[in-house]
Amino acid sequence: MSGEALIQAASAIGAGLAMIAGIGAGIGQGFAAGKGAEAVGKQPEAQGVIVRTMLLGAAVAETTGIYGLVIALILLFANPFV
Amino acid sequence: MGEISNLVMFLLEWLNQFSAETLVISATVIGAGLTMIAGIGPGIGQGFAAGKGAEAVGKNAENSNNITLVMLLGAAVAETSGIFSLVVALILLYSNPLIGLEAAGFVLAASALGAGLAMIAGIGPGIGQGYAAGKGAERVGSRPEYQGLIVRVMLLGQAVGQTTGIYALVVALILLFANPFLG
């Protein structure tokens with residue numbers, strides 16, 4: 001087995017590992033969705049500002065998931081070692 | 001450190017005796033198992049939703065239909081990560097595109113492993129969306145007249161929470177069907 005093949009193999013595993021970061025955003029944004037639904041149920045007239053705040057916070061929570069995706073895509077399509 | 005690298009070299013040379021097909025099949029079955037770990041998420045999330053649903057029905061038995069509807073709707077969304085993982089596992093077992101390809105066995109095997117690892121991300125949306133389902137059911141129990149609004153916000157938030165699960169699915173499918181390391 002060539003060294004290049006081993007590096008490619010390790011890159012595939014690394015790309016998979018990087019995506020595990022998505023667990024966090026999934027849990028956190030789901031929590032935000034639940035609290036948003038709860039708040040709207042209590043104060044429906046404030047729906048607009050509640051949803052805006054929820055989406056703003058969810059966007060911040062998304063960032064580390066995006067970082068994981070970027071690293072995975074780098075390993076797959078722009079690998080500096082291959 | 002020397003002992004560890006000797007062990008790794010020994011393991012790699014031992015693996016090298018097998019055909020590429022054997023290696024990729026071995027990794028495929030491990031990858032199928034890794035994929036299903038994502039089932040942890042919907043299990044936790046839907047369980048939370050069930051608990052909140054039961055609690056809400058206890059408080060507002062006359063609204064039990066609304067509560068049950070919202071609980072099941074939210075739980076169905078939470079289920080999707082588990083379905084994605086099941087589909088990837090079934091693809092790996094019955095329709096694996098990596099078997100029979102002309103490429104280094106290790107690269108094929110690692111791609112199957114990577115696809116399985118990526119799908120573990122499904123844990124997150126499963127837990128989060130289930131939490132949202134539970135809170136939605138809870139509020140609908142208190143205020144059934146706001147059901148439409150509550151459900152809309154719940155689904156909007158759940159859709160956002162799904163995104164990282166989709167990213168993981170895309171990376172897994174890239175590793176299986178559009179692998180840049182092959183050919």
# chains A, B, ... in the order shown; residues from 1 in each chain; ligands from 1

$ closest_atom_pairs --of "chain A" --to "chain B" --cutoff "6 Å" --atoms "only C-alpha atoms" --output "CSV"
residue,atom,partner,partner_atom,distance
A:Ala9,CA,B:Val107,CA,4.2
A:Ala12,CA,B:Ser111,CA,5.1
A:Ile13,CA,B:Gly114,CA,4.2
A:Gly16,CA,B:Ala118,CA,4.1
A:Leu17,CA,B:Leu117,CA,5.8
A:Met19,CA,B:Ala118,CA,5.0
A:Ile20,CA,B:Ala121,CA,4.5
A:Gly22,CA,B:Thr164,CA,4.8
A:Ile23,CA,B:Gly124,CA,3.6
A:Gly24,CA,B:Gly124,CA,5.7
A:Gly26,CA,B:Pro125,CA,3.8
A:Ile27,CA,B:Gly128,CA,3.9
A:Gln29,CA,B:Gly161,CA,4.9
A:Gly30,CA,B:Gly128,CA,3.4
A:Phe31,CA,B:Gly128,CA,5.3
A:Ala33,CA,B:Gly157,CA,4.2
A:Gly34,CA,B:Ala132,CA,3.5
A:Ala37,CA,B:Ile150,CA,5.1
A:Glu38,CA,B:Arg139,CA,5.7
A:Gly41,CA,B:Arg139,CA,5.5

$ write_last_selection --atoms "N, CA and C atoms" --output "PDB file, in the first residue's frame"
ATOM      1  N   ALA A   9      -6.851   7.410   2.847  1.00  0.00           N
ATOM      2  CA  ALA A   9      -7.715   6.649   3.747  1.00  0.00           C
ATOM      3  C   ALA A   9      -7.935   7.413   5.040  1.00  0.00           C
ATOM      4  N   ALA A  12     -10.355  10.266   4.641  1.00  0.00           N
ATOM      5  CA  ALA A  12     -11.769   9.886   4.617  1.00  0.00           C
ATOM      6  C   ALA A  12     -12.290   9.711   6.034  1.00  0.00           C
ATOM      7  N   ILE A  13     -11.487   9.065   6.884  1.00  0.00           N
ATOM      8  CA  ILE A  13     -11.902   8.886   8.270  1.00  0.00           C
ATOM      9  C   ILE A  13     -11.992  10.247   8.965  1.00  0.00           C
ATOM     10  N   GLY A  16     -15.177  12.076   8.126  1.00  0.00           N
ATOM     11  CA  GLY A  16     -16.305  11.550   8.895  1.00  0.00           C
ATOM     12  C   GLY A  16     -16.295  12.028  10.331  1.00  0.00           C
ATOM     13  N   LEU A  17     -15.117  12.000  10.955  1.00  0.00           N
ATOM     14  CA  LEU A  17     -15.010  12.455  12.339  1.00  0.00           C
ATOM     15  C   LEU A  17     -15.420  13.920  12.466  1.00  0.00           C
ATOM     16  N   MET A  19     -17.593  15.617  10.943  1.00  0.00           N
ATOM     17  CA  MET A  19     -19.033  15.870  10.875  1.00  0.00           C
ATOM     18  C   MET A  19     -19.731  15.577  12.191  1.00  0.00           C
ATOM     19  N   ILE A  20     -19.057  14.838  13.089  1.00  0.00           N
ATOM     20  CA  ILE A  20     -19.690  14.512  14.373  1.00  0.00           C
ATOM     21  C   ILE A  20     -19.990  15.797  15.149  1.00  0.00           C
ATOM     22  N   GLY A  22     -21.670  18.077  14.281  1.00  0.00           N
ATOM     23  CA  GLY A  22     -23.057  18.463  14.053  1.00  0.00           C
ATOM     24  C   GLY A  22     -23.983  18.096  15.187  1.00  0.00           C
ATOM     25  N   ILE A  23     -23.548  17.208  16.054  1.00  0.00           N
ATOM     26  CA  ILE A  23     -24.371  16.838  17.201  1.00  0.00           C
ATOM     27  C   ILE A  23     -24.731  18.089  18.000  1.00  0.00           C
ATOM     28  N   GLY A  24     -23.748  18.942  18.220  1.00  0.00           N
ATOM     29  CA  GLY A  24     -23.954  20.093  19.092  1.00  0.00           C
ATOM     30  C   GLY A  24     -25.001  21.045  18.566  1.00  0.00           C
ATOM     31  N   GLY A  26     -27.288  20.470  16.453  1.00  0.00           N
ATOM     32  CA  GLY A  26     -28.591  19.820  16.441  1.00  0.00           C
ATOM     33  C   GLY A  26     -29.289  19.921  17.790  1.00  0.00           C
ATOM     34  N   ILE A  27     -28.558  19.620  18.853  1.00  0.00           N
ATOM     35  CA  ILE A  27     -29.146  19.683  20.184  1.00  0.00           C
ATOM     36  C   ILE A  27     -29.491  21.130  20.549  1.00  0.00           C
ATOM     37  N   GLN A  29     -29.909  23.950  18.697  1.00  0.00           N
ATOM     38  CA  GLN A  29     -30.948  24.616  17.919  1.00  0.00           C
ATOM     39  C   GLN A  29     -32.317  24.016  18.227  1.00  0.00           C
ATOM     40  N   GLY A  30     -32.336  22.728  18.522  1.00  0.00           N
ATOM     41  CA  GLY A  30     -33.602  22.115  18.919  1.00  0.00           C
ATOM     42  C   GLY A  30     -34.099  22.686  20.231  1.00  0.00           C
ATOM     43  N   PHE A  31     -33.184  22.894  21.171  1.00  0.00           N
ATOM     44  CA  PHE A  31     -33.544  23.537  22.435  1.00  0.00           C
ATOM     45  C   PHE A  31     -34.092  24.933  22.177  1.00  0.00           C
ATOM     46  N   ALA A  33     -35.554  25.974  19.503  1.00  0.00           N
ATOM     47  CA  ALA A  33     -36.869  25.842  18.883  1.00  0.00           C
ATOM     48  C   ALA A  33     -37.930  25.591  19.944  1.00  0.00           C
ATOM     49  N   GLY A  34     -37.593  24.756  20.911  1.00  0.00           N
ATOM     50  CA  GLY A  34     -38.559  24.445  21.961  1.00  0.00           C
ATOM     51  C   GLY A  34     -38.880  25.659  22.814  1.00  0.00           C
ATOM     52  N   ALA A  37     -41.055  28.020  20.787  1.00  0.00           N
ATOM     53  CA  ALA A  37     -42.450  27.600  20.744  1.00  0.00           C
ATOM     54  C   ALA A  37     -43.136  27.895  22.075  1.00  0.00           C
ATOM     55  N   GLU A  38     -42.412  27.668  23.172  1.00  0.00           N
ATOM     56  CA  GLU A  38     -42.965  27.918  24.500  1.00  0.00           C
ATOM     57  C   GLU A  38     -43.281  29.405  24.678  1.00  0.00           C
ATOM     58  N   GLY A  41     -46.225  30.490  22.713  1.00  0.00           N
ATOM     59  CA  GLY A  41     -47.458  30.013  23.317  1.00  0.00           C
ATOM     60  C   GLY A  41     -47.910  30.910  24.459  1.00  0.00           C
TER      61      GLY A  41
END

$ select_by_dssp --residues "chain B" --states "alpha helix (DSSP H)" --output "PyMOL selection string"
chain B and resi 2-16+20-36+40-59+64-94+105-119+123-142+147-177

$ closest_residue --among "B:Ala49, B:Ala178, B:Ile25, B:Leu11" --to "B:Ala76" --atoms "only C-alpha atoms"
B:Ala49

$ residues_around --residues "B:Thr22" --least-positions-apart "4" --cutoff "10 Å" --atoms "only C-alpha atoms" --output "PyMOL selection string"
chain B and resi 15+17-18+26-28+99+105+109
